[in-house]
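S.K.: Before I ask anything, here is the structure I am working with.
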Amino acid sequence: MPYKIRRSHECHIGHRVYGHESKCANLHGHGYVFNFTCESVNLDAIGRIVDFSVIKSRLCQWLEDNWDHRLLLWESDPWLEGLRAIDKGVVAVPFNPTAEKMAEYLVEVVAPRELEGLGVAVTSCRVEETRKCAASYCR
């Protein structure tokens, strides 16, 4: 697709990586920065793929409503039910919540649903856990 735009959003999310060989197996969190790349073959009458505010109101708001200031745990994590008993804000996700899998889920599941009918596709998502560490998923 010839046209691309990028929109970023920051959220604070807790997680643990089940089965990790080091300290990431512990509960911890990050100030994540999500970078969405959106593409289209067409431009609207104004000459843009879509207004950035649409990405904000759909994808960034989804992050705010579903993951921001929450604890993400894999639905198979043995700690899930115990932590949910303490905090109803614990979110079970269908993947081990690594940055790579978060990016994949946003591109393959969340974005198509949230942007349906707009003629815009999210073709990649870069998830920055820190200034030094990031992972990407590209279609």
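Residues in the structure tokens are numbered from 1 in each chain, the chains being A, B, ... in the order shown, and ligands are numbered from 1 in the order shown.
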Let's see if you can do this: from backbone DSSP, list all alpha helix (DSSP H) residues in region 25-65 of chain A, as a list in words.
M.R.: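 Those residues are Phe52, Ser53, Val54, Ile55, Gln61, Trp62, Leu63, Glu64 and Asp65 of chain A.
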S.K.: What would the file look like if the residues just selected were written as a compact mmCIF listing (two decimals), in the first residue's frame with N, CA and C atoms?
M.R.:
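Below is the file result10.txt, written as the result:
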# COMPACT_ATOMS: atom_id res chain seq x y z
N PHE A 52 -5.82 11.54 12.16
CA PHE A 52 -5.14 10.94 13.32
C PHE A 52 -6.08 10.79 14.52
N SER A 53 -7.06 11.66 14.62
CA SER A 53 -7.99 11.58 15.75
C SER A 53 -8.84 10.31 15.70
N VAL A 54 -9.05 9.76 14.51
CA VAL A 54 -9.80 8.49 14.40
C VAL A 54 -8.97 7.36 15.00
N ILE A 55 -7.68 7.34 14.71
CA ILE A 55 -6.81 6.33 15.31
C ILE A 55 -6.79 6.50 16.83
N GLN A 61 -7.88 4.69 22.40
CA GLN A 61 -8.92 4.59 23.42
C GLN A 61 -9.14 3.14 23.84
N TRP A 62 -8.99 2.21 22.88
CA TRP A 62 -9.09 0.79 23.24
C TRP A 62 -8.01 0.44 24.26
N LEU A 63 -6.79 0.91 24.03
CA LEU A 63 -5.71 0.67 24.99
C LEU A 63 -6.05 1.26 26.35
N GLU A 64 -6.54 2.49 26.37
CA GLU A 64 -6.92 3.14 27.64
C GLU A 64 -8.00 2.34 28.37
N ASP A 65 -9.00 1.91 27.64
CA ASP A 65 -10.14 1.22 28.25
C ASP A 65 -9.82 -0.20 28.70
S.K.: Apply DSSP to the backbone of this structure and, from region 34-125 of chain A, keep only the residues in strand (DSSP E or B); write these as number ranges by chain.
M.R.: A: 34-40, 71-74, 90-93, 121-125
S.K.: With N, CA and C atoms kept, could you save the residues just selected as a short mmCIF file (atom, residue, chain, number, x, y, z; two decimals), in the first residue's frame?
M.R.:
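The resulting file, out_31.cif, is reproduced below:
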data_model
loop_
_atom_site.label_atom_id
_atom_site.label_comp_id
_atom_site.auth_asym_id
_atom_site.auth_seq_id
_atom_site.Cartn_x
_atom_site.Cartn_y
_atom_site.Cartn_z
N PHE A 34 3.13 2.51 22.31
CA PHE A 34 2.62 1.73 21.19
C PHE A 34 2.66 2.60 19.95
N ASN A 35 3.29 2.10 18.89
CA ASN A 35 3.38 2.82 17.62
C ASN A 35 2.65 2.02 16.56
N PHE A 36 1.52 2.56 16.11
CA PHE A 36 0.72 1.91 15.09
C PHE A 36 1.07 2.48 13.71
N THR A 37 1.35 1.62 12.75
CA THR A 37 1.51 2.04 11.36
C THR A 37 0.26 1.63 10.61
N CYS A 38 -0.40 2.62 10.03
CA CYS A 38 -1.64 2.40 9.29
C CYS A 38 -1.37 2.65 7.82
N GLU A 39 -1.96 1.81 6.96
CA GLU A 39 -1.74 1.94 5.52
C GLU A 39 -3.05 1.88 4.77
N SER A 40 -3.03 2.46 3.56
CA SER A 40 -4.19 2.43 2.68
C SER A 40 -3.73 2.66 1.25
N LEU A 71 -3.17 -5.09 34.95
CA LEU A 71 -2.17 -6.15 34.99
C LEU A 71 -2.57 -7.20 33.98
N LEU A 72 -1.74 -7.43 32.97
CA LEU A 72 -2.02 -8.43 31.95
C LEU A 72 -1.34 -9.74 32.33
N LEU A 73 -2.15 -10.79 32.35
CA LEU A 73 -1.62 -12.13 32.60
C LEU A 73 -2.17 -13.07 31.54
N TRP A 74 -1.33 -14.00 31.12
CA TRP A 74 -1.74 -15.04 30.19
C TRP A 74 -2.86 -15.84 30.84
N VAL A 90 -7.26 -7.25 36.98
CA VAL A 90 -6.35 -8.16 36.29
C VAL A 90 -7.03 -8.62 35.00
N VAL A 91 -6.32 -8.52 33.89
CA VAL A 91 -6.87 -8.87 32.58
C VAL A 91 -6.22 -10.14 32.07
N ALA A 92 -7.05 -11.14 31.77
CA ALA A 92 -6.55 -12.37 31.18
C ALA A 92 -6.47 -12.18 29.67
N VAL A 93 -5.31 -12.46 29.10
CA VAL A 93 -5.12 -12.34 27.66
C VAL A 93 -4.79 -13.73 27.09
N ALA A 121 -5.75 -0.19 7.19
CA ALA A 121 -5.23 -1.40 7.84
C ALA A 121 -4.04 -1.03 8.70
N VAL A 122 -3.99 -1.59 9.89
CA VAL A 122 -2.78 -1.48 10.71
C VAL A 122 -1.88 -2.62 10.26
N THR A 123 -0.75 -2.26 9.70
CA THR A 123 0.16 -3.26 9.15
C THR A 123 1.33 -3.57 10.07
N SER A 124 1.55 -2.72 11.07
CA SER A 124 2.58 -3.04 12.05
C SER A 124 2.32 -2.29 13.34
N CYS A 125 2.87 -2.85 14.39
CA CYS A 125 2.82 -2.21 15.70
C CYS A 125 4.17 -2.43 16.37
#
S.K.: Quick one: pull the distance between CA of Glu128 (chain A) and CA of Pro2 (chain A), Å, one decimal.
M.R.: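 Going from CA of Glu128 (chain A) over to CA of Pro2 (chain A), I get 25.6 Å.
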S.K.: Kindly indicate which residue among A:Arg48, A:Val33, A:Leu59, A:Ile5 lies nearest to Val107 (chain A), using only C-alpha atoms for the distances.
M.R.: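 Using only C-alpha atoms, Val107 (chain A) sits closest to A:Leu59.
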S.K.: What does the structure give for the distance between CA of Glu21 (chain A) and CA of Pro97 (chain A), in Å to one decimal?
M.R.: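 Taking CA of Glu21 (chain A) and CA of Pro97 (chain A), their separation equals 14.7 Å.
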S.K.: Using only C-alpha atoms for the distances, tell me which of A:Ala45, A:Ala134, A:Leu118, A:Leu106 is nearest to Cys60 (chain A).
M.R.: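 So, comparing all the options, the nearest one is A:Leu106.
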